[in-house]
Amino acid sequence: MKIRLTVDGQSATATLYGNATARDFAALLPLTLTMEDYAAIERVSRLPRRLSTQGAPEGMAPVAGELAHYAPWGNLAIFIQGRPWSRSLLPLGRVHEGLPVLARPGPYQLHIERIAP
């Protein structure tokens, strides 16, 4: 599934993975979140509820542009840079266009919606 992430009229696009966590995230859309800086390499926001972890890996080593769910905190993370493997970080999808729009310093409002196939 393709999604659009919009900040101040500028958009990025991403593709969600085909796992249970990503499908549960898609069920929340459309969604507007306040993104904040975290550790200088990611933008994060708490989601309205925790997502499914059914069949999820123990963790992941995200690359720049990766969308992830940090299960213990119930948040969405957008990685601006890669990082080493982290337990309980679950893959959601990947930005394939417009990462600089999301890399701006927070806080900022982010609107996420599905793109018609």
# chains A, B, ... in the order shown; residues from 1 in each chain; ligands from 1
>>> residues_around(residues="Gly9 of chain A", least_positions_apart="4", cutoff="10 Å", atoms="only C-alpha atoms", output="PyMOL selection string")
chain A and resi 5+101+110-111
>>> select_by_dssp(residues="chain A", states="alpha helix (DSSP H)", output="list in words")
Ala20, Thr21, Ala22, Arg23, Asp24, Phe25, Ala26, Leu99, Pro100, Val101 and Leu102 of chain A
>>> residues_around(residues="Ala40 of chain A", least_positions_apart="4", cutoff="9 Å", atoms="only C-alpha atoms", output="list in words")
Ile80, Gln81 and Pro105 of chain A
>>> closest_residue(among="A:Ile3, A:Ser45, A:Glu58, A:Pro100", to="Ala26 of chain A", atoms="only C-alpha atoms")
A:Ile3
>>> atom_distance(atom1="atom CA of Ser86 of chain A", atom2="atom CA of Leu16 of chain A")
19.7 Å
>>> closest_residue(among="A:Pro62, A:Pro57, A:Pro48, A:Gly82", to="Asp24 of chain A", atoms="only C-alpha atoms")
A:Pro48
>>> closest_residue(among="A:Leu47, A:Leu67, A:Leu76, A:Val7", to="Gly93 of chain A", atoms="only C-alpha atoms")
A:Leu67
>>> residues_around(residues="Gln54 of chain A", least_positions_apart="4", cutoff="10 Å", atoms="only C-alpha atoms", output="PyMOL selection string")
chain A and resi 19-21
>>> write_last_selection(atoms="N, CA, C and O atoms", output="PDB file, in the first residue's frame")
ATOM      1  N   ASN A  19       3.132  -6.658   6.324  1.00  0.00           N
ATOM      2  CA  ASN A  19       3.081  -7.391   7.593  1.00  0.00           C
ATOM      3  C   ASN A  19       1.891  -6.918   8.448  1.00  0.00           C
ATOM      4  O   ASN A  19       1.258  -5.906   8.147  1.00  0.00           O
ATOM      5  N   ALA A  20       1.597  -7.663   9.504  1.00  0.00           N
ATOM      6  CA  ALA A  20       0.434  -7.357  10.359  1.00  0.00           C
ATOM      7  C   ALA A  20       0.550  -5.984  11.011  1.00  0.00           C
ATOM      8  O   ALA A  20      -0.452  -5.268  11.141  1.00  0.00           O
ATOM      9  N   THR A  21       1.749  -5.590  11.404  1.00  0.00           N
ATOM     10  CA  THR A  21       1.940  -4.295  12.056  1.00  0.00           C
ATOM     11  C   THR A  21       1.635  -3.164  11.071  1.00  0.00           C
ATOM     12  O   THR A  21       0.942  -2.206  11.404  1.00  0.00           O
TER      13      THR A  21
END
>>> closest_atom_pairs(of="segment 44-110 of chain A", to="segment 29-38 of chain A", cutoff="6 Å", atoms="only C-alpha atoms", output="CSV")
residue,atom,partner,partner_atom,distance
A:Val44,CA,A:Met35,CA,5.2
A:Ser45,CA,A:Met35,CA,5.0
A:Gly106,CA,A:Glu36,CA,4.5
A:Pro107,CA,A:Glu36,CA,4.5
A:Tyr108,CA,A:Met35,CA,5.4
A:Gln109,CA,A:Thr34,CA,4.6
A:Leu110,CA,A:Leu33,CA,5.2
>>> decode(residues="segment 30-70 of chain A", atoms="N, CA and C atoms", output="PDB file, in the first residue's frame")
ATOM      1  N   PRO A  30      -6.878   8.004   7.530  1.00  0.00           N
ATOM      2  CA  PRO A  30      -5.919   9.103   7.615  1.00  0.00           C
ATOM      3  C   PRO A  30      -5.642   9.494   9.062  1.00  0.00           C
ATOM      4  N   LEU A  31      -4.482  10.095   9.240  1.00  0.00           N
ATOM      5  CA  LEU A  31      -4.000  10.392  10.583  1.00  0.00           C
ATOM      6  C   LEU A  31      -3.156  11.660  10.543  1.00  0.00           C
ATOM      7  N   THR A  32      -3.310  12.530  11.533  1.00  0.00           N
ATOM      8  CA  THR A  32      -2.444  13.698  11.671  1.00  0.00           C
ATOM      9  C   THR A  32      -1.722  13.583  13.001  1.00  0.00           C
ATOM     10  N   LEU A  33      -0.398  13.703  12.947  1.00  0.00           N
ATOM     11  CA  LEU A  33       0.457  13.534  14.128  1.00  0.00           C
ATOM     12  C   LEU A  33       1.391  14.727  14.274  1.00  0.00           C
ATOM     13  N   THR A  34       1.832  14.979  15.491  1.00  0.00           N
ATOM     14  CA  THR A  34       2.884  15.958  15.732  1.00  0.00           C
ATOM     15  C   THR A  34       4.197  15.202  15.862  1.00  0.00           C
ATOM     16  N   MET A  35       5.085  15.438  14.916  1.00  0.00           N
ATOM     17  CA  MET A  35       6.377  14.747  14.894  1.00  0.00           C
ATOM     18  C   MET A  35       7.411  15.573  15.655  1.00  0.00           C
ATOM     19  N   GLU A  36       8.210  14.888  16.456  1.00  0.00           N
ATOM     20  CA  GLU A  36       9.272  15.527  17.232  1.00  0.00           C
ATOM     21  C   GLU A  36      10.593  14.846  16.945  1.00  0.00           C
ATOM     22  N   ASP A  37      11.685  15.579  17.157  1.00  0.00           N
ATOM     23  CA  ASP A  37      13.021  15.021  16.962  1.00  0.00           C
ATOM     24  C   ASP A  37      13.332  14.031  18.074  1.00  0.00           C
ATOM     25  N   TYR A  38      14.037  12.957  17.703  1.00  0.00           N
ATOM     26  CA  TYR A  38      14.516  12.004  18.699  1.00  0.00           C
ATOM     27  C   TYR A  38      15.899  11.542  18.274  1.00  0.00           C
ATOM     28  N   ALA A  39      16.861  11.751  19.142  1.00  0.00           N
ATOM     29  CA  ALA A  39      18.243  11.311  18.923  1.00  0.00           C
ATOM     30  C   ALA A  39      18.826  11.813  17.599  1.00  0.00           C
ATOM     31  N   ALA A  40      18.325  12.900  17.074  1.00  0.00           N
ATOM     32  CA  ALA A  40      18.814  13.559  15.858  1.00  0.00           C
ATOM     33  C   ALA A  40      18.689  12.720  14.587  1.00  0.00           C
ATOM     34  N   ILE A  41      18.347  11.436  14.699  1.00  0.00           N
ATOM     35  CA  ILE A  41      18.294  10.597  13.505  1.00  0.00           C
ATOM     36  C   ILE A  41      16.878  10.134  13.152  1.00  0.00           C
ATOM     37  N   GLU A  42      15.897  10.499  13.978  1.00  0.00           N
ATOM     38  CA  GLU A  42      14.531  10.073  13.688  1.00  0.00           C
ATOM     39  C   GLU A  42      13.533  11.120  14.146  1.00  0.00           C
ATOM     40  N   ARG A  43      12.340  11.049  13.544  1.00  0.00           N
ATOM     41  CA  ARG A  43      11.208  11.876  13.952  1.00  0.00           C
ATOM     42  C   ARG A  43      10.166  10.910  14.489  1.00  0.00           C
ATOM     43  N   VAL A  44       9.598  11.224  15.650  1.00  0.00           N
ATOM     44  CA  VAL A  44       8.691  10.290  16.319  1.00  0.00           C
ATOM     45  C   VAL A  44       7.412  10.979  16.768  1.00  0.00           C
ATOM     46  N   SER A  45       6.364  10.167  16.915  1.00  0.00           N
ATOM     47  CA  SER A  45       5.101  10.636  17.482  1.00  0.00           C
ATOM     48  C   SER A  45       4.359   9.434  18.054  1.00  0.00           C
ATOM     49  N   ARG A  46       3.678   9.676  19.153  1.00  0.00           N
ATOM     50  CA  ARG A  46       2.843   8.628  19.745  1.00  0.00           C
ATOM     51  C   ARG A  46       1.637   8.405  18.843  1.00  0.00           C
ATOM     52  N   LEU A  47       1.290   7.138  18.637  1.00  0.00           N
ATOM     53  CA  LEU A  47       0.109   6.777  17.849  1.00  0.00           C
ATOM     54  C   LEU A  47      -1.118   6.720  18.758  1.00  0.00           C
ATOM     55  N   PRO A  48      -2.318   6.775  18.181  1.00  0.00           N
ATOM     56  CA  PRO A  48      -3.538   6.732  19.003  1.00  0.00           C
ATOM     57  C   PRO A  48      -3.687   5.433  19.795  1.00  0.00           C
ATOM     58  N   ARG A  49      -3.048   4.369  19.326  1.00  0.00           N
ATOM     59  CA  ARG A  49      -3.082   3.093  20.039  1.00  0.00           C
ATOM     60  C   ARG A  49      -1.875   2.273  19.609  1.00  0.00           C
ATOM     61  N   ARG A  50      -1.569   1.259  20.387  1.00  0.00           N
ATOM     62  CA  ARG A  50      -0.467   0.358  20.023  1.00  0.00           C
ATOM     63  C   ARG A  50      -0.897  -0.497  18.837  1.00  0.00           C
ATOM     64  N   LEU A  51       0.082  -0.884  18.027  1.00  0.00           N
ATOM     65  CA  LEU A  51      -0.190  -1.678  16.840  1.00  0.00           C
ATOM     66  C   LEU A  51       0.050  -3.164  17.105  1.00  0.00           C
ATOM     67  N   SER A  52      -0.519  -3.985  16.248  1.00  0.00           N
ATOM     68  CA  SER A  52      -0.337  -5.431  16.338  1.00  0.00           C
ATOM     69  C   SER A  52       1.150  -5.795  16.229  1.00  0.00           C
ATOM     70  N   THR A  53       1.561  -6.756  17.025  1.00  0.00           N
ATOM     71  CA  THR A  53       2.932  -7.272  16.932  1.00  0.00           C
ATOM     72  C   THR A  53       2.916  -8.734  16.473  1.00  0.00           C
ATOM     73  N   GLN A  54       1.773  -9.196  16.003  1.00  0.00           N
ATOM     74  CA  GLN A  54       1.620 -10.582  15.562  1.00  0.00           C
ATOM     75  C   GLN A  54       2.599 -10.891  14.434  1.00  0.00           C
ATOM     76  N   GLY A  55       3.407 -11.911  14.633  1.00  0.00           N
ATOM     77  CA  GLY A  55       4.360 -12.340  13.624  1.00  0.00           C
ATOM     78  C   GLY A  55       5.513 -11.386  13.395  1.00  0.00           C
ATOM     79  N   ALA A  56       5.661 -10.380  14.244  1.00  0.00           N
ATOM     80  CA  ALA A  56       6.706  -9.367  14.051  1.00  0.00           C
ATOM     81  C   ALA A  56       8.077  -9.917  14.448  1.00  0.00           C
ATOM     82  N   PRO A  57       9.124  -9.402  13.816  1.00  0.00           N
ATOM     83  CA  PRO A  57      10.480  -9.792  14.218  1.00  0.00           C
ATOM     84  C   PRO A  57      10.800  -9.220  15.605  1.00  0.00           C
ATOM     85  N   GLU A  58      11.889  -9.666  16.200  1.00  0.00           N
ATOM     86  CA  GLU A  58      12.286  -9.167  17.519  1.00  0.00           C
ATOM     87  C   GLU A  58      12.746  -7.719  17.461  1.00  0.00           C
ATOM     88  N   GLY A  59      13.167  -7.283  16.300  1.00  0.00           N
ATOM     89  CA  GLY A  59      13.667  -5.921  16.136  1.00  0.00           C
ATOM     90  C   GLY A  59      14.164  -5.733  14.720  1.00  0.00           C
ATOM     91  N   MET A  60      14.832  -4.621  14.483  1.00  0.00           N
ATOM     92  CA  MET A  60      15.346  -4.322  13.143  1.00  0.00           C
ATOM     93  C   MET A  60      16.472  -3.299  13.225  1.00  0.00           C
ATOM     94  N   ALA A  61      17.236  -3.194  12.139  1.00  0.00           N
ATOM     95  CA  ALA A  61      18.265  -2.166  11.971  1.00  0.00           C
ATOM     96  C   ALA A  61      17.783  -1.260  10.843  1.00  0.00           C
ATOM     97  N   PRO A  62      17.072  -0.176  11.161  1.00  0.00           N
ATOM     98  CA  PRO A  62      16.477   0.668  10.118  1.00  0.00           C
ATOM     99  C   PRO A  62      17.519   1.440   9.317  1.00  0.00           C
ATOM    100  N   VAL A  63      17.156   1.724   8.073  1.00  0.00           N
ATOM    101  CA  VAL A  63      17.973   2.564   7.199  1.00  0.00           C
ATOM    102  C   VAL A  63      17.257   3.898   7.018  1.00  0.00           C
ATOM    103  N   ALA A  64      17.927   4.866   6.447  1.00  0.00           N
ATOM    104  CA  ALA A  64      17.305   6.170   6.193  1.00  0.00           C
ATOM    105  C   ALA A  64      16.050   5.983   5.353  1.00  0.00           C
ATOM    106  N   GLY A  65      14.961   6.609   5.785  1.00  0.00           N
ATOM    107  CA  GLY A  65      13.698   6.532   5.072  1.00  0.00           C
ATOM    108  C   GLY A  65      12.764   5.453   5.579  1.00  0.00           C
ATOM    109  N   GLU A  66      13.219   4.655   6.516  1.00  0.00           N
ATOM    110  CA  GLU A  66      12.376   3.567   7.024  1.00  0.00           C
ATOM    111  C   GLU A  66      11.343   4.098   8.024  1.00  0.00           C
ATOM    112  N   LEU A  67      10.117   3.579   7.925  1.00  0.00           N
ATOM    113  CA  LEU A  67       9.058   3.839   8.899  1.00  0.00           C
ATOM    114  C   LEU A  67       9.003   2.637   9.823  1.00  0.00           C
ATOM    115  N   ALA A  68       8.877   2.893  11.123  1.00  0.00           N
ATOM    116  CA  ALA A  68       8.861   1.798  12.085  1.00  0.00           C
ATOM    117  C   ALA A  68       7.924   2.119  13.246  1.00  0.00           C
ATOM    118  N   HIS A  69       7.565   1.071  13.955  1.00  0.00           N
ATOM    119  CA  HIS A  69       6.742   1.195  15.164  1.00  0.00           C
ATOM    120  C   HIS A  69       7.605   0.709  16.328  1.00  0.00           C
ATOM    121  N   TYR A  70       7.803   1.591  17.312  1.00  0.00           N
ATOM    122  CA  TYR A  70       8.524   1.168  18.509  1.00  0.00           C
ATOM    123  C   TYR A  70       7.470   0.695  19.500  1.00  0.00           C
TER     124      TYR A  70
END
